[in-house]
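Novice: Below you will find the structure I want to go over with you.
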Amino acid sequence: MILNHTVEALMERRSIRSYRSEQVSEEELTDILKTGKYAPSAMGRQARHFTVIQNKALLADIRAAMQDATDDPFYGAPTVIVLSAPADARFAPEDTSCAIMNLMLAAHSYGLGTCFIGCVRDVLRTPAIQSRLKLPEGYIPYSCITLGYPKEHADAPAPRRTDDVSYVR
Ligand SMILES: Cc1cc2nc3c(=O)[nH]c(=O)nc-3n(C[C@H](O)[C@H](O)[C@H](O)COP(=O)(O)O)c2cc1C
């Protein structure tokens, strides 16, 4: 494999499910968000919004609204970033996912941990929670990640499938 910093980051990033309570530095947070803004977006419209949640009460309310409220879906992360997009945008899942991937890789390159948290999406879309996310008019939440300093190393990656590439030449 031809290795460089970018490829190494892609290969090394793992979902982190254990965080230190210390908050992410403002400088790192600002830089990570900037990389999200440079992600590709359909027609270059940048039709996605970043909500940085660092409010413990809101995180606790999201946790409490989950069906299985015994586990913390955010694994104790001090920051959660929600990506929202217009409800009627054709490429909203793609736009938000591209931005999320940039955030995760930039965070990893700074020694920060992230995990894509899909299980909270329905709760984020409930009126009680969505109304507190400071979304632009007509936007709804699509994706969400945790962000924080990792408490532990992640497990080794699962072996990769070998039957998931086709060539048409
Ligand atoms: C769309 C999506 C939703 C996910 N939702 C969750 C989730 O709710 N909770 C969680 O712990 N991990 C979640 N993950 C993380 C995956 O479990 C993780 O990416 C996968 O196991 C591979 O591990 P890796 O990220 O370390 O390579 C989600 C990932 C994706 C792409």
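Residue names in the structure tokens use chain letters A, B, ... in the order shown, residue numbers from 1 in each chain, and ligand numbers from 1 in the order shown.
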If you count only C-alpha atoms, which residues fall within 7 Å of segment 72-88 of chain A, apart from same-chain ones fewer than 2 positions away, as a list in words?

Specialist: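 The neighbour list is Arg17, Ser18, Tyr19, Ser21, Gln23, Ala47, Arg48, His49, Phe50, Thr51, Val52, Ile53, Gln54, Arg63, Thr70, Arg90, Ala92, Thr96, Gly138, Tyr139, Ile140, Pro141, Tyr142, Ser143, Cys144, Ile145, Thr146, Leu147 and Gly148 of chain A.
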
Novice: How would the residues just picked look written out with C-alpha atoms as a JSON list (two decimals), in the first residue's frame?

Specialist:
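Contents of out12.json, freshly written:
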```json
[["chain", "number", "residue", "atom", "x", "y", "z"],
["A", 17, "ARG", "CA", -16.52, 4.77, 22.59],
["A", 18, "SER", "CA", -14.81, 6.04, 25.74],
["A", 19, "TYR", "CA", -13.92, 9.70, 26.41],
["A", 21, "SER", "CA", -14.45, 14.54, 30.47],
["A", 23, "GLN", "CA", -13.65, 19.66, 26.89],
["A", 47, "ALA", "CA", -26.85, 23.04, 2.31],
["A", 48, "ARG", "CA", -25.94, 21.62, 5.70],
["A", 49, "HIS", "CA", -25.65, 23.05, 9.16],
["A", 50, "PHE", "CA", -23.38, 22.16, 12.09],
["A", 51, "THR", "CA", -24.80, 22.23, 15.62],
["A", 52, "VAL", "CA", -22.12, 21.85, 18.29],
["A", 53, "ILE", "CA", -23.72, 20.61, 21.51],
["A", 54, "GLN", "CA", -21.66, 21.12, 24.67],
["A", 63, "ARG", "CA", -30.08, 10.34, 26.44],
["A", 70, "THR", "CA", -29.64, 2.93, 30.52],
["A", 90, "ARG", "CA", -32.49, 15.53, -2.53],
["A", 92, "ALA", "CA", -29.23, 15.74, 2.30],
["A", 96, "THR", "CA", -24.26, 15.65, 5.74],
["A", 138, "GLY", "CA", -36.78, 23.92, 7.32],
["A", 139, "TYR", "CA", -33.70, 21.91, 8.33],
["A", 140, "ILE", "CA", -33.87, 18.53, 10.10],
["A", 141, "PRO", "CA", -31.10, 16.48, 11.76],
["A", 142, "TYR", "CA", -29.46, 13.72, 9.69],
["A", 143, "SER", "CA", -26.19, 12.69, 11.26],
["A", 144, "CYS", "CA", -24.41, 13.06, 14.51],
["A", 145, "ILE", "CA", -20.94, 12.36, 15.94],
["A", 146, "THR", "CA", -19.32, 12.39, 19.33],
["A", 147, "LEU", "CA", -16.09, 14.36, 19.77],
["A", 148, "GLY", "CA", -13.59, 14.27, 22.60]]
```

Novice: Taking only C-alpha atoms and all ligand atoms into account, which residues have an atom no farther than 9 Å from ligand 1? I'd like them as a list in words.

Specialist: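 After applying the 9 Å limit, what remains is Met11, Glu12, Arg13, Arg14, Ser15, Ile16, Arg17, Pro73, Phe74, Tyr75, Ser97, Thr114, Cys115, Phe116, Ile117, Gly118, Cys119, Val120, Arg121, Ser143, Cys144, Ile145, Ala154, Asp155, Ala156, Pro157 and Ala158 of chain A.
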
Novice: Find the residues around Leu103 of chain A up to 7 Å (only C-alpha atoms counted), leave out those fewer than 5 positions away in its own chain, and share them as a PDB file with N, CA, C and O atoms, in the first residue's frame.

Specialist:
```pdb
ATOM      1  N   ILE A  32     -11.539  21.806  13.161  1.00  0.00           N
ATOM      2  CA  ILE A  32     -12.261  20.600  12.725  1.00  0.00           C
ATOM      3  C   ILE A  32     -13.538  20.997  11.979  1.00  0.00           C
ATOM      4  O   ILE A  32     -13.856  20.452  10.911  1.00  0.00           O
ATOM      5  N   LEU A  33     -14.261  21.984  12.516  1.00  0.00           N
ATOM      6  CA  LEU A  33     -15.490  22.437  11.842  1.00  0.00           C
ATOM      7  C   LEU A  33     -15.165  23.000  10.456  1.00  0.00           C
ATOM      8  O   LEU A  33     -15.911  22.796   9.494  1.00  0.00           O
ATOM      9  N   THR A  35     -12.874  22.027   8.452  1.00  0.00           N
ATOM     10  CA  THR A  35     -12.680  20.946   7.472  1.00  0.00           C
ATOM     11  C   THR A  35     -14.033  20.403   7.006  1.00  0.00           C
ATOM     12  O   THR A  35     -14.183  19.990   5.864  1.00  0.00           O
ATOM     13  N   GLY A  36     -15.025  20.410   7.906  1.00  0.00           N
ATOM     14  CA  GLY A  36     -16.370  19.958   7.511  1.00  0.00           C
ATOM     15  C   GLY A  36     -16.961  20.846   6.434  1.00  0.00           C
ATOM     16  O   GLY A  36     -17.633  20.381   5.512  1.00  0.00           O
TER      17      GLY A  36
END
```

Novice: List every residue of segment 30-148 of chain A that DSSP, applied to the backbone, labels as alpha helix (DSSP H), and write the result as a PyMOL selection string.

Specialist: chain A and resi 30-37+56-65+92-109+121-124+127-130

Novice: One decimal, in Å: what's the spacing between atom CA of Lys56 of chain A and atom CA of Asp122 of chain A?

Specialist: 19.5 Å

Novice: Taking the DSSP assignment computed from this structure's backbone, write out as a PyMOL selection string all residues of segment 2-124 of chain A that belong to strand (DSSP E).

Specialist: chain A and resi 49-53+79-86+113-116

Novice: Could you save those same residues with N, CA, C and O atoms as a PDB file, in the first residue's frame?

Specialist:
```
ATOM      1  N   HIS A  49     -25.919  22.186   8.013  1.00  0.00           N
ATOM      2  CA  HIS A  49     -25.655  23.050   9.164  1.00  0.00           C
ATOM      3  C   HIS A  49     -25.030  22.230  10.282  1.00  0.00           C
ATOM      4  O   HIS A  49     -25.395  21.064  10.481  1.00  0.00           O
ATOM      5  N   PHE A  50     -24.091  22.839  10.998  1.00  0.00           N
ATOM      6  CA  PHE A  50     -23.381  22.161  12.088  1.00  0.00           C
ATOM      7  C   PHE A  50     -23.897  22.695  13.424  1.00  0.00           C
ATOM      8  O   PHE A  50     -23.812  23.892  13.671  1.00  0.00           O
ATOM      9  N   THR A  51     -24.422  21.817  14.261  1.00  0.00           N
ATOM     10  CA  THR A  51     -24.796  22.233  15.619  1.00  0.00           C
ATOM     11  C   THR A  51     -23.840  21.560  16.594  1.00  0.00           C
ATOM     12  O   THR A  51     -23.786  20.330  16.670  1.00  0.00           O
ATOM     13  N   VAL A  52     -23.082  22.369  17.305  1.00  0.00           N
ATOM     14  CA  VAL A  52     -22.124  21.849  18.294  1.00  0.00           C
ATOM     15  C   VAL A  52     -22.818  21.859  19.651  1.00  0.00           C
ATOM     16  O   VAL A  52     -23.144  22.928  20.171  1.00  0.00           O
ATOM     17  N   ILE A  53     -23.060  20.685  20.197  1.00  0.00           N
ATOM     18  CA  ILE A  53     -23.717  20.607  21.508  1.00  0.00           C
ATOM     19  C   ILE A  53     -22.656  20.347  22.576  1.00  0.00           C
ATOM     20  O   ILE A  53     -21.963  19.322  22.546  1.00  0.00           O
ATOM     21  N   THR A  79     -18.529  16.692  23.715  1.00  0.00           N
ATOM     22  CA  THR A  79     -19.075  17.440  22.565  1.00  0.00           C
ATOM     23  C   THR A  79     -19.765  16.473  21.613  1.00  0.00           C
ATOM     24  O   THR A  79     -19.269  15.365  21.368  1.00  0.00           O
ATOM     25  N   VAL A  80     -20.911  16.911  21.109  1.00  0.00           N
ATOM     26  CA  VAL A  80     -21.627  16.160  20.074  1.00  0.00           C
ATOM     27  C   VAL A  80     -21.917  17.145  18.944  1.00  0.00           C
ATOM     28  O   VAL A  80     -22.321  18.286  19.199  1.00  0.00           O
ATOM     29  N   ILE A  81     -21.660  16.731  17.723  1.00  0.00           N
ATOM     30  CA  ILE A  81     -21.939  17.605  16.575  1.00  0.00           C
ATOM     31  C   ILE A  81     -23.040  16.977  15.728  1.00  0.00           C
ATOM     32  O   ILE A  81     -22.925  15.816  15.312  1.00  0.00           O
ATOM     33  N   VAL A  82     -24.109  17.744  15.529  1.00  0.00           N
ATOM     34  CA  VAL A  82     -25.246  17.282  14.728  1.00  0.00           C
ATOM     35  C   VAL A  82     -25.202  17.973  13.372  1.00  0.00           C
ATOM     36  O   VAL A  82     -25.024  19.192  13.298  1.00  0.00           O
ATOM     37  N   LEU A  83     -25.334  17.183  12.317  1.00  0.00           N
ATOM     38  CA  LEU A  83     -25.408  17.722  10.961  1.00  0.00           C
ATOM     39  C   LEU A  83     -26.853  17.706  10.509  1.00  0.00           C
ATOM     40  O   LEU A  83     -27.494  16.646  10.532  1.00  0.00           O
ATOM     41  N   SER A  84     -27.361  18.863  10.128  1.00  0.00           N
ATOM     42  CA  SER A  84     -28.733  18.946   9.642  1.00  0.00           C
ATOM     43  C   SER A  84     -28.720  19.472   8.210  1.00  0.00           C
ATOM     44  O   SER A  84     -27.706  20.019   7.745  1.00  0.00           O
ATOM     45  N   ALA A  85     -29.842  19.299   7.540  1.00  0.00           N
ATOM     46  CA  ALA A  85     -29.966  19.754   6.151  1.00  0.00           C
ATOM     47  C   ALA A  85     -31.446  19.995   5.868  1.00  0.00           C
ATOM     48  O   ALA A  85     -32.303  19.539   6.635  1.00  0.00           O
ATOM     49  N   PRO A  86     -31.748  20.691   4.766  1.00  0.00           N
ATOM     50  CA  PRO A  86     -33.157  20.941   4.451  1.00  0.00           C
ATOM     51  C   PRO A  86     -33.918  19.622   4.312  1.00  0.00           C
ATOM     52  O   PRO A  86     -33.428  18.678   3.674  1.00  0.00           O
ATOM     53  N   GLY A 113     -11.021  11.746  19.353  1.00  0.00           N
ATOM     54  CA  GLY A 113     -11.830  10.604  18.972  1.00  0.00           C
ATOM     55  C   GLY A 113     -13.222  11.025  18.547  1.00  0.00           C
ATOM     56  O   GLY A 113     -13.740  12.058  19.000  1.00  0.00           O
ATOM     57  N   THR A 114     -13.818  10.230  17.682  1.00  0.00           N
ATOM     58  CA  THR A 114     -15.199  10.467  17.246  1.00  0.00           C
ATOM     59  C   THR A 114     -15.903   9.125  17.102  1.00  0.00           C
ATOM     60  O   THR A 114     -15.260   8.073  17.009  1.00  0.00           O
ATOM     61  N   CYS A 115     -17.211   9.184  17.055  1.00  0.00           N
ATOM     62  CA  CYS A 115     -18.002   8.007  16.667  1.00  0.00           C
ATOM     63  C   CYS A 115     -19.292   8.504  16.027  1.00  0.00           C
ATOM     64  O   CYS A 115     -19.938   9.426  16.552  1.00  0.00           O
ATOM     65  N   PHE A 116     -19.634   7.955  14.897  1.00  0.00           N
ATOM     66  CA  PHE A 116     -20.901   8.279  14.234  1.00  0.00           C
ATOM     67  C   PHE A 116     -22.009   7.679  15.106  1.00  0.00           C
ATOM     68  O   PHE A 116     -21.978   6.486  15.417  1.00  0.00           O
TER      69      PHE A 116
END
```

Novice: Could you jot down the atom CA of Ala89 of chain A to atom CA of Asp61 of chain A separation for me, Å, one decimal place?

Specialist: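 Here the two named atoms are 28.1 Å from each other.
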
Novice: So, with only C-alpha atoms as the atoms that count, which of A:Arg160, A:Leu58, A:Asn102, A:Met1 lies closest to Lys34 of chain A?

Specialist: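 Counting only C-alpha atoms, the residue closest to Lys34 of chain A is A:Asn102.
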
Novice: Using only C-alpha atoms, which of A:Val24, A:Ile2, A:Ala42, A:Arg169 sits nearest Phe91 of chain A?

Specialist: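 When distances to Phe91 of chain A are compared using only C-alpha atoms, the smallest one comes from A:Ala42.
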
Novice: When distances are computed from only C-alpha atoms, which of A:Leu29, A:Leu124, A:Leu135, A:Leu3 shows the smallest separation from Ala106 of chain A?

Specialist: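 Selected residue with least distance to Ala106 of chain A: A:Leu29.
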
Novice: Please provide as a compact mmCIF listing (two decimals) with all heavy atoms, in the first residue's frame all residues within 7 Å of Ser41 of chain A, with the sequence filter that same-chain residues fewer than 4 positions apart are discarded (counting only C-alpha atoms).

Specialist:
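result-v6.txt, written as the output of this step:
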```txt
# COMPACT_ATOMS: atom_id res chain seq x y z
N ARG A 45 -23.80 23.70 -2.93
CA ARG A 45 -24.74 24.59 -2.22
C ARG A 45 -24.43 24.73 -0.73
O ARG A 45 -25.01 25.58 -0.07
CB ARG A 45 -26.18 24.08 -2.39
CG ARG A 45 -26.72 24.31 -3.78
CD ARG A 45 -28.25 24.15 -3.82
NE ARG A 45 -28.75 24.49 -5.13
CZ ARG A 45 -29.48 23.70 -5.88
NH1 ARG A 45 -29.84 22.50 -5.43
NH2 ARG A 45 -29.90 24.09 -7.06
N GLN A 46 -23.62 23.82 -0.19
CA GLN A 46 -23.30 23.85 1.25
C GLN A 46 -24.58 23.85 2.09
O GLN A 46 -24.66 24.55 3.10
CB GLN A 46 -22.43 25.06 1.60
CG GLN A 46 -21.14 25.13 0.78
CD GLN A 46 -20.33 26.38 1.08
OE1 GLN A 46 -20.17 26.77 2.24
NE2 GLN A 46 -19.82 27.01 0.04
N ASP A 95 -24.82 15.01 1.59
CA ASP A 95 -24.15 16.25 2.01
C ASP A 95 -23.72 16.18 3.47
O ASP A 95 -22.60 16.58 3.81
CB ASP A 95 -25.11 17.45 1.83
CG ASP A 95 -25.23 17.90 0.39
OD1 ASP A 95 -24.45 17.44 -0.45
OD2 ASP A 95 -26.11 18.74 0.13
```

Novice: Have a look at A:Ile129, A:Cys98, A:Asp71, A:Lys134 and name the one nearest to Lys37 of chain A; count only C-alpha atoms.

Specialist: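 Between A:Ile129, A:Cys98, A:Asp71, A:Lys134, the residue approaching Lys37 of chain A most closely is A:Cys98.
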